[in-house]
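Each remark here refers to the structure printed beneath this line.
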Amino acid sequence: MVRVFPAGQPLKSNAWTWRAHSLAYHTRMDMTGAKFHTSNRGTAAVPLVCVRAQGSHAFGLFYGQNPIFVSYDMVLADLILMIFLIQTVRFLLKPFRQPRLVAELIAGIIIGPCLLGKSKRFNEIMFPLYSRFVLRTLGIFALMLWVFVSGVKMDLTLIKRSGKKHLYIAMVSVMLPFLTVMAIGLIIRKLMDQEMAKISSIGGIASGLSVTTFPIHYTVLEELNLLSSEVGNMALSVALISDSIGMNFITVFEALKQVDISAGTLVWYLISMVVLVAFLLSAIRPALFWIIDHTPEGQAVHESYVVAILLAVFVVGFLTDMFGLAVCFGPFCLGLLIPNGPPLGATLVEKSETILKEIMMPFAFAFIGLHTDFSAMTEAGWTTLGPLFTMVISGYVSKFLATMIGAFMVAVPSRDSLTLSLVLSLRGQVELALYIHWVDKNMIRLPGFSMMIFLTTILLATLTPLISVIYDPSKPYKVLKRRTIQHTPPGEEVRILVCIRNKKSVPSLVNLLEVTYPTLQNPLSVYAFHLVELIGRANPVFIDHDNDPDPDDLYIRFPDSEAIRNALILYQENRDESVKLHFFTALAAKRTMFQDVCKLALNSKATIIILPLDRQYDGEMGTAEQWGGGQTLNTEVLSHAPCSVGLLIDKAHRWHLPLTRCSGGTTSHDFIVLFLGGPDSRECLAYADHMVANPNVSLTLVRFLSSNPEGDDERQKKLDDGLVTWFWVKNEANERVIYREVVVKDGADTAAAIKAMAEEKFYHLWIVGRKQGINESLLEGLSTWTDNQEELGIIGDYVSSSDFVDADSVLVVQKQILRV
């Protein structure tokens with residue numbers, strides 16, 4: 001059995017011919033003149049030779065065989081090396097805010113002829129010829145799956161929701177660079193080689209440089225935590241429109257490329273396109289909706305359907321390559337047809353994304369790196385690479401300037417315009433696949449390919465950290481006006497933003513709204529915000545149900561949203577006109593949910609944000625169920641909120657949804673405020689003052705004073721004295737209000753006093769300040785007793801987690817922090 005491979009020189013005839021071949025494969029002739037592979041569409045610029053095929057498995061070391069010289073083990077060793085290099089480079093570049101793609105490209109370059117690949121011994125051991133063909137095949141598989149998953153995440157309905165502003169920016173940012181690069185290409189056409197000088201080649205390169213691809217912008221914005229920011233939303237909308245325009249451009253110039261061969265090939269190309277699109281729309285799309293219809297509500301798609309769809313990716317890839325189209329074109333179109341989000345899109349992304357990113361894509365970057373040779377660029381010289389370099393640089397510059405001009409024309413702020421221009425100038429995986437396609441189509445050669453990889457890496461490495469420096473997504477939330485309950489005048493409506501994760505958190509939130517006691521004299525505006533994790537789609541979605549009461553198929557894909565809204569509407573209807581309800585839904589990544597919360601709080605002029613935090617128990621251990629990852633939604637909102645924040649911990653799940661008020665003025669709820677001093681405690685007391693107006697609430701105010709007043713902040717203490725005195729004078733005749741003072745010397749005394757209060761009486765709700773302005777002696781020694789003090793504060797975490805404090809709920813309040 002023999003295989004036919006390209007080589008730079010005849011091989012020696014011996015039993016281990018492949019070893020000599022692997023060395024010859026790296027000669028300059030192969031790296032500068034050849035395409036990636038031989039095919040019936042072109043012939044490599046090297047002779048063909050016969051070599052001995054390798055076995056797929058080794059007998060083992062104990063039989064005297066070196067396993068690394070067997071194809072299977074060789075590919076595994078290559079994969080291990082690539083993953084190790086990628087993770088190492090990512091770790092080293094993390095302080096420089098570099099995106100993942102830069103680390104992956106650099107890892108590929110390291111193994112290529114620029115660095116380690118210079119060693120013939122390294123090539124012979126790690127990347128002999130037979131492993132390169134396997135790496136290429138697996139790399140193309142990875143790119144096919146990557147563009148498929150990217151297509152699944154894309155939501156084309158975003159184009160309908162995009163405004164004229166986005167459409168205008170997209171048109172300018174695509175057309176101006178395209179015309180610029182096309183004009184420059186025609187001017188310097190005489191300096192190009194025969195293949196690049198063709199109109200189809202110039203047009204293809206111009207369209208590739210002018211198009212803004214959605215997947216890379218989503219990836220970078222996600223890494224920079226900007227998906228839900230103003231610039232992030234605008235960039236994704238513009239990129240999606242740009243992609244729609246660019247696909248038409250690329251299709252047109254692909255058709256012109258067929259004309260270079262013969263007029264007949266153009267006809268077959270168009271027929272192939274029509275057949276493929278018709279097959280996808282008439283056969284595949286109905287099958288996808290049939291799968292969704294036969295998936296029970298709330299459950300994942302059956303595994304057999306997932307396997308069938310992934311198989312269809314390779315079938316469609318085979319058809320597109322067989323028809324002469326770009327091999328990634330079919331999988332991308334198939335991904336666009338799949339409805340994003342649950343159940344189908346979310347299941348496909350969840351089951352494939354991790355192994356695709358971490359295991360499959362390293363093959364693609366290994367293949368790219370092995371064909372990236374910067375020394376080949378030097379040998380080719382400026383005469384060869386100058387025209388391509390001129391077109392690329394003019395494309396980058398015109399893209400940046402065109403986006404900036406378009407943004408300025410529609411009155412986008414200057415800083416946002418600059419950031420948007422930088423984001424839309426990025427290049428990514430789609431462009432890498434396009435460069436490979438250009439080589440296969442003879443539009444560029446390997447020196448040109450190496451230059452494109454070099455420029456893409458430099459562009460990404462430069463622009464990405466620049467974006468993070470220029471644009472701060474939290475800056476819009478930095479307000480100088482007081483938005484607190486304490487500073488809300490009597491008779492003015494209190495605006496509360498309640499964040500809802502699922503149906504389970506609704507009863508406790510509604511109870512908190514009820515005991516806040518909205519009346520016609522003191523009305524309540526409730527901004528209910530249902531937050532849904534973004535899975536199976538790339539672009540975040542924000543829905544205002546007042547303006548869009550029946551948004552697409554939201555209630556079909558997320559039935560909890562309708563149930564939550566109906567429960568809140570029922571509550572509002574039972575409160576006459578004292579409660580105004582506004583309902584919103586956001587589909588966002590966990591890392592960027594806080595941006596949606598802070599943005600809505602800013603726009604709604606909210607006084608306080610209420611975030612539910614369930615406390616689940618396992619024996620004596622209490623753990624907080626968090627909204628997401630290491631940096632939770634709660635922590636980020638506490639850091640960036642433009643108003644006060646309340647964390648509501650539901651400990652017992654004993655409260656019932658109150659649809660009618662208790663009659664007769666009978667006290668039904670006992671609350672307690674732990675006043676340790678400082679702004680947070682004062683905000684707690686201001687909120688409790690609203691609750692005391694409720695005839696069904698009794699309140700105990702406990703003020704903690706230190707036996708050693710040296711640690712007191714005199715200014716804060718005066719403010720505390722003033723508010724406590726005002727509250728006591730106001731409620732002196734109210735039998736439902738009790739005021740107590742407790743003098744303690746350290747944290748142990750504070751904990752003992754809290755424990756004694758809990759044993760003395762059952763309180764339904766404990767209200768505590770988070771941590772601002774507290775005399776440190778009141779907490780001395782308590783920091784070692786708590787695990788979640790960063791989020792809840794020491795006292796808040798102690799009360800909510802301690803099994804000595806029995807309660808229905810705990811409300812931890814942080815007063816608005818004014819930020820300059």
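Letters A, B, ... go to the chains of the structure tokens in the order shown; residues in each chain start at 1; ligands are counted from 1 in the same order.
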
Under the rule of at most 10 Å, produce a per-residue listing of segment 150-215 of chain A near segment 395-410 of chain A: chain, number, name, the closest pair of atoms, and the distance in Å, as a Markdown table, using only C-alpha atoms.
```
| residue | atom | partner | partner_atom | distance |
| --- | --- | --- | --- | --- |
| A:Lys164 | CA | A:Val410 | CA | 9.1 |
| A:Lys165 | CA | A:Val410 | CA | 6.1 |
| A:His166 | CA | A:Ala407 | CA | 8.8 |
| A:Leu167 | CA | A:Gly406 | CA | 9.9 |
| A:Tyr168 | CA | A:Gly406 | CA | 6.8 |
| A:Ile169 | CA | A:Gly406 | CA | 4.7 |
| A:Ala170 | CA | A:Thr403 | CA | 7.8 |
| A:Met171 | CA | A:Gly406 | CA | 8.5 |
| A:Val172 | CA | A:Gly406 | CA | 5.9 |
| A:Ser173 | CA | A:Thr403 | CA | 4.7 |
| A:Val174 | CA | A:Lys399 | CA | 7.3 |
| A:Met175 | CA | A:Ala402 | CA | 8.7 |
| A:Leu176 | CA | A:Ala402 | CA | 6.2 |
| A:Pro177 | CA | A:Ser398 | CA | 5.0 |
| A:Phe178 | CA | A:Gly395 | CA | 7.5 |
| A:Leu179 | CA | A:Gly395 | CA | 9.5 |
| A:Thr180 | CA | A:Ser398 | CA | 7.1 |
| A:Val181 | CA | A:Gly395 | CA | 5.7 |
| A:Met182 | CA | A:Gly395 | CA | 9.3 |
| A:Ile184 | CA | A:Gly395 | CA | 9.7 |
| A:Ile205 | CA | A:Gly395 | CA | 9.5 |
| A:Ala206 | CA | A:Gly395 | CA | 7.4 |
| A:Ser207 | CA | A:Gly395 | CA | 9.5 |
| A:Gly208 | CA | A:Gly395 | CA | 9.3 |
| A:Leu209 | CA | A:Gly395 | CA | 5.6 |
| A:Ser210 | CA | A:Lys399 | CA | 6.5 |
| A:Val211 | CA | A:Lys399 | CA | 8.9 |
| A:Thr212 | CA | A:Lys399 | CA | 9.0 |
```

Determine, counting only C-alpha atoms, which protein, DNA and RNA residues have an atom within 7 Å of an atom of segment 84-95 of chain A; residues of the same chain fewer than 6 positions away are not included. Present the result as number ranges by chain. A: 103-104, 107

What lies within 7 Å of segment 301-316 of chain A using only C-alpha atoms, ignoring chain neighbours under 5 positions off, as a list in words?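 Listed by chain and then number, they are Thr295, Gly330, Pro331, Pro343, Leu344, Thr347 and Leu348 of chain A.
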
Kindly save the residues from that selection, with N, CA and C atoms included, as a tab-separated table (two decimals), in the first residue's frame.
```
chain	number	residue	atom	x	y	z
A	295	THR	N	-40.03	17.65	21.31
A	295	THR	CA	-39.23	17.71	22.54
A	295	THR	C	-40.12	18.22	23.67
A	330	GLY	N	-21.59	25.67	3.77
A	330	GLY	CA	-22.76	24.86	4.08
A	330	GLY	C	-23.01	24.73	5.58
A	331	PRO	N	-22.00	24.34	6.39
A	331	PRO	CA	-22.22	24.26	7.84
A	331	PRO	C	-22.69	25.58	8.45
A	343	PRO	N	-35.15	24.82	22.93
A	343	PRO	CA	-34.38	23.67	23.41
A	343	PRO	C	-33.25	23.24	22.47
A	344	LEU	N	-33.39	23.49	21.16
A	344	LEU	CA	-32.48	22.89	20.20
A	344	LEU	C	-31.12	23.59	20.17
A	347	THR	N	-29.09	23.18	23.42
A	347	THR	CA	-28.57	21.82	23.60
A	347	THR	C	-27.35	21.58	22.71
A	348	LEU	N	-27.43	22.01	21.46
A	348	LEU	CA	-26.30	21.81	20.54
A	348	LEU	C	-25.06	22.55	21.02
```

Which residues in segment 45-178 of chain A does DSSP call alpha helix (DSSP H)? List them as a ChimeraX atom specification. /A:71-93,100-111,120-126,129-153,157-161,164-178

Nearest residue to Asn522 of chain A from the set A:Glu353, A:Glu195, A:Glu577, A:Asp746 (distances using only C-alpha atoms):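 Using only C-alpha atoms, the shortest distance to Asn522 of chain A belongs to A:Glu577.
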
Could you list, as an mmCIF file with N, CA and C atoms, in the first residue's frame, every residue within 9 Å of Tyr687 of chain A, counting only C-alpha atoms and ignoring same-chain residues fewer than 5 positions away?
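Final file, around.cif:
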```cif
data_model
loop_
_atom_site.group_PDB
_atom_site.id
_atom_site.type_symbol
_atom_site.label_atom_id
_atom_site.label_comp_id
_atom_site.auth_asym_id
_atom_site.auth_seq_id
_atom_site.Cartn_x
_atom_site.Cartn_y
_atom_site.Cartn_z
ATOM 1 N N ILE A 485 -33.389 55.358 49.334
ATOM 2 C CA ILE A 485 -34.672 55.455 50.022
ATOM 3 C C ILE A 485 -34.627 56.600 51.029
ATOM 4 N N GLN A 486 -33.482 56.773 51.666
ATOM 5 C CA GLN A 486 -33.347 57.826 52.665
ATOM 6 C C GLN A 486 -33.566 59.205 52.056
ATOM 7 N N THR A 516 -43.526 46.643 52.134
ATOM 8 C CA THR A 516 -43.088 48.022 51.905
ATOM 9 C C THR A 516 -44.277 48.976 51.981
ATOM 10 N N ARG A 682 -28.110 53.302 57.986
ATOM 11 C CA ARG A 682 -29.095 54.383 57.865
ATOM 12 C C ARG A 682 -30.074 54.094 56.733
#
```

Rank nothing, just name the residue among A:Asp650, A:Asp472, A:Glu741, A:Glu222 nearest to Leu534 of chain A, using only C-alpha atoms. A:Glu222

List as a PyMOL selection string the protein and nucleic acid residues near segment 711-717 of chain A, meaning an atom at most 8 Å away when only C-alpha atoms are counted, but skip any in the same chain fewer than 5 places from it. chain A and resi 677-679+773-777

May I have the selected residues written with N, CA and C atoms, as a short mmCIF file (atom, residue, chain, number, x, y, z; two decimals), in the first residue's frame?
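Generated file (again-v4.cif):
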```cif
data_model
loop_
_atom_site.label_atom_id
_atom_site.label_comp_id
_atom_site.auth_asym_id
_atom_site.auth_seq_id
_atom_site.Cartn_x
_atom_site.Cartn_y
_atom_site.Cartn_z
N GLY A 677 -24.42 51.16 62.59
CA GLY A 677 -23.87 52.46 62.25
C GLY A 677 -23.35 52.52 60.83
N GLY A 678 -23.32 53.73 60.28
CA GLY A 678 -22.81 53.95 58.95
C GLY A 678 -23.91 54.12 57.92
N PRO A 679 -23.56 54.49 56.67
CA PRO A 679 -24.56 54.73 55.62
C PRO A 679 -25.47 53.54 55.36
N GLY A 773 -19.10 52.08 57.20
CA GLY A 773 -19.10 52.96 58.35
C GLY A 773 -19.23 52.30 59.70
N ILE A 774 -19.06 51.01 59.80
CA ILE A 774 -19.21 50.32 61.08
C ILE A 774 -17.93 50.46 61.90
N ASN A 775 -18.08 50.69 63.19
CA ASN A 775 -16.94 50.69 64.10
C ASN A 775 -16.34 49.29 64.11
N GLU A 776 -15.07 49.19 63.78
CA GLU A 776 -14.43 47.88 63.62
C GLU A 776 -14.46 47.04 64.89
N SER A 777 -14.51 47.69 66.05
CA SER A 777 -14.52 46.92 67.30
C SER A 777 -15.78 46.09 67.44
#
```

So what do you get for atom CA of Met451 of chain A versus atom CA of Phe374 of chain A, distance-wise?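 Result for atom CA of Met451 of chain A versus atom CA of Phe374 of chain A: 7.2 Å, one decimal.
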
Counting only C-alpha atoms, figure out which residue out of A:Lys771, A:Arg427, A:His640, A:Lys730 gets nearest to Leu676 of chain A.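 For Leu676 of chain A, the nearest of the candidates is A:Lys771.
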
Find the distance between atom CA of Ile199 of chain A and atom CA of Phe253 of chain A and write it in Å to one decimal.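 Distance reported for this atom pair: 8.6 Å.
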
Neighbours of segment 493-506 of chain A within 9 Å (only C-alpha atoms; same-chain residues fewer than 6 positions away dropped), as number ranges by chain? A: 485, 513, 518, 521-532, 560-561, 563-564, 567-568, 597, 600-601, 604-614, 627, 650, 657

For Tyr218 of chain A, please output as a PyMOL selection string all residues within 12 Å (counting only C-alpha atoms; exclusion window: fewer than 4 positions along the same chain). chain A and resi 99+150-151+153-154+212-214+222-228+231-240+423-424+426-429+537-540+589

Selection file, N, CA and C atoms, as a CSV table (one decimal), in the first residue's frame:
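Just written: result_38.csv:
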```csv
chain,number,residue,atom,x,y,z
A,99,PRO,N,-6.8,38.5,23.9
A,99,PRO,CA,-7.9,37.5,23.7
A,99,PRO,C,-7.3,36.1,23.5
A,150,SER,N,-21.2,28.9,15.5
A,150,SER,CA,-21.4,30.3,15.4
A,150,SER,C,-22.7,30.7,14.7
A,151,GLY,N,-23.0,29.9,13.7
A,151,GLY,CA,-24.3,30.2,13.0
A,151,GLY,C,-25.5,29.9,13.9
A,153,LYS,N,-25.6,30.3,17.1
A,153,LYS,CA,-25.7,31.3,18.1
A,153,LYS,C,-26.3,32.6,17.5
A,154,MET,N,-26.1,32.8,16.2
A,154,MET,CA,-26.6,34.1,15.6
A,154,MET,C,-28.1,34.1,15.5
A,212,THR,N,-17.4,42.7,8.2
A,212,THR,CA,-17.2,42.6,9.6
A,212,THR,C,-17.9,41.3,10.1
A,213,THR,N,-17.2,40.4,10.6
A,213,THR,CA,-17.8,39.1,10.9
A,213,THR,C,-18.3,39.0,12.4
A,214,PHE,N,-19.5,38.6,12.5
A,214,PHE,CA,-20.2,38.5,13.8
A,214,PHE,C,-19.4,37.6,14.8
A,222,GLU,N,-17.3,39.1,24.5
A,222,GLU,CA,-17.5,38.3,25.7
A,222,GLU,C,-16.3,38.2,26.6
A,223,GLU,N,-15.1,38.1,26.0
A,223,GLU,CA,-13.9,38.1,26.8
A,223,GLU,C,-13.7,39.4,27.6
A,224,LEU,N,-14.1,40.5,26.9
A,224,LEU,CA,-13.9,41.8,27.5
A,224,LEU,C,-15.1,42.2,28.4
A,225,ASN,N,-16.1,41.4,28.5
A,225,ASN,CA,-17.2,41.6,29.4
A,225,ASN,C,-18.0,42.8,28.9
A,226,LEU,N,-18.2,42.9,27.6
A,226,LEU,CA,-18.9,44.1,27.0
A,226,LEU,C,-20.1,43.7,26.2
A,227,LEU,N,-20.6,42.4,26.3
A,227,LEU,CA,-21.7,42.0,25.5
A,227,LEU,C,-23.0,42.8,25.8
A,228,SER,N,-23.2,43.1,27.0
A,228,SER,CA,-24.5,43.9,27.3
A,228,SER,C,-24.3,45.4,27.4
A,231,VAL,N,-22.0,49.8,23.6
A,231,VAL,CA,-21.1,49.6,22.4
A,231,VAL,C,-21.2,48.1,22.0
A,232,GLY,N,-21.3,47.2,22.9
A,232,GLY,CA,-21.4,45.8,22.6
A,232,GLY,C,-22.7,45.5,21.8
A,233,ASN,N,-23.8,46.0,22.3
A,233,ASN,CA,-25.1,45.7,21.6
A,233,ASN,C,-25.0,46.4,20.2
A,234,MET,N,-24.5,47.6,20.1
A,234,MET,CA,-24.4,48.2,18.8
A,234,MET,C,-23.5,47.4,17.8
A,235,ALA,N,-22.3,47.0,18.3
A,235,ALA,CA,-21.3,46.3,17.5
A,235,ALA,C,-21.9,45.0,17.0
A,236,LEU,N,-22.7,44.2,17.8
A,236,LEU,CA,-23.3,43.0,17.4
A,236,LEU,C,-24.3,43.2,16.3
A,237,SER,N,-25.1,44.2,16.5
A,237,SER,CA,-26.2,44.5,15.5
A,237,SER,C,-25.5,44.9,14.1
A,238,VAL,N,-24.5,45.8,14.2
A,238,VAL,CA,-23.9,46.2,13.0
A,238,VAL,C,-23.1,45.1,12.3
A,239,ALA,N,-22.5,44.2,13.1
A,239,ALA,CA,-21.8,43.1,12.6
A,239,ALA,C,-22.7,42.1,11.9
A,240,LEU,N,-23.9,41.9,12.4
A,240,LEU,CA,-24.9,41.0,11.8
A,240,LEU,C,-25.3,41.5,10.5
A,423,VAL,N,-13.6,47.8,17.6
A,423,VAL,CA,-14.3,46.5,17.7
A,423,VAL,C,-14.5,45.9,16.3
A,424,LEU,N,-15.1,46.8,15.4
A,424,LEU,CA,-15.4,46.3,14.1
A,424,LEU,C,-14.2,46.1,13.2
A,426,LEU,N,-11.7,44.3,14.1
A,426,LEU,CA,-11.0,43.0,14.5
A,426,LEU,C,-11.2,41.9,13.4
A,427,ARG,N,-10.2,41.0,13.4
A,427,ARG,CA,-10.3,39.9,12.5
A,427,ARG,C,-10.3,38.6,13.4
A,428,GLY,N,-10.8,37.5,12.9
A,428,GLY,CA,-10.9,36.3,13.7
A,428,GLY,C,-10.9,35.0,12.9
A,429,GLN,N,-11.5,34.0,13.5
A,429,GLN,CA,-11.5,32.6,12.9
A,429,GLN,C,-12.1,32.6,11.6
A,537,ARG,N,-27.2,31.1,21.9
A,537,ARG,CA,-27.2,32.2,21.0
A,537,ARG,C,-26.1,33.2,21.4
A,538,ALA,N,-25.7,34.1,20.5
A,538,ALA,CA,-24.6,34.9,20.7
A,538,ALA,C,-25.0,36.3,21.2
A,539,ASN,N,-26.1,36.9,20.6
A,539,ASN,CA,-26.4,38.3,20.9
A,539,ASN,C,-27.4,38.3,22.1
A,540,PRO,N,-27.1,39.2,23.1
A,540,PRO,CA,-28.0,39.4,24.2
A,540,PRO,C,-29.3,40.0,23.7
A,589,ALA,N,-25.4,36.8,29.0
A,589,ALA,CA,-24.4,35.9,29.6
A,589,ALA,C,-24.3,36.2,31.1
```
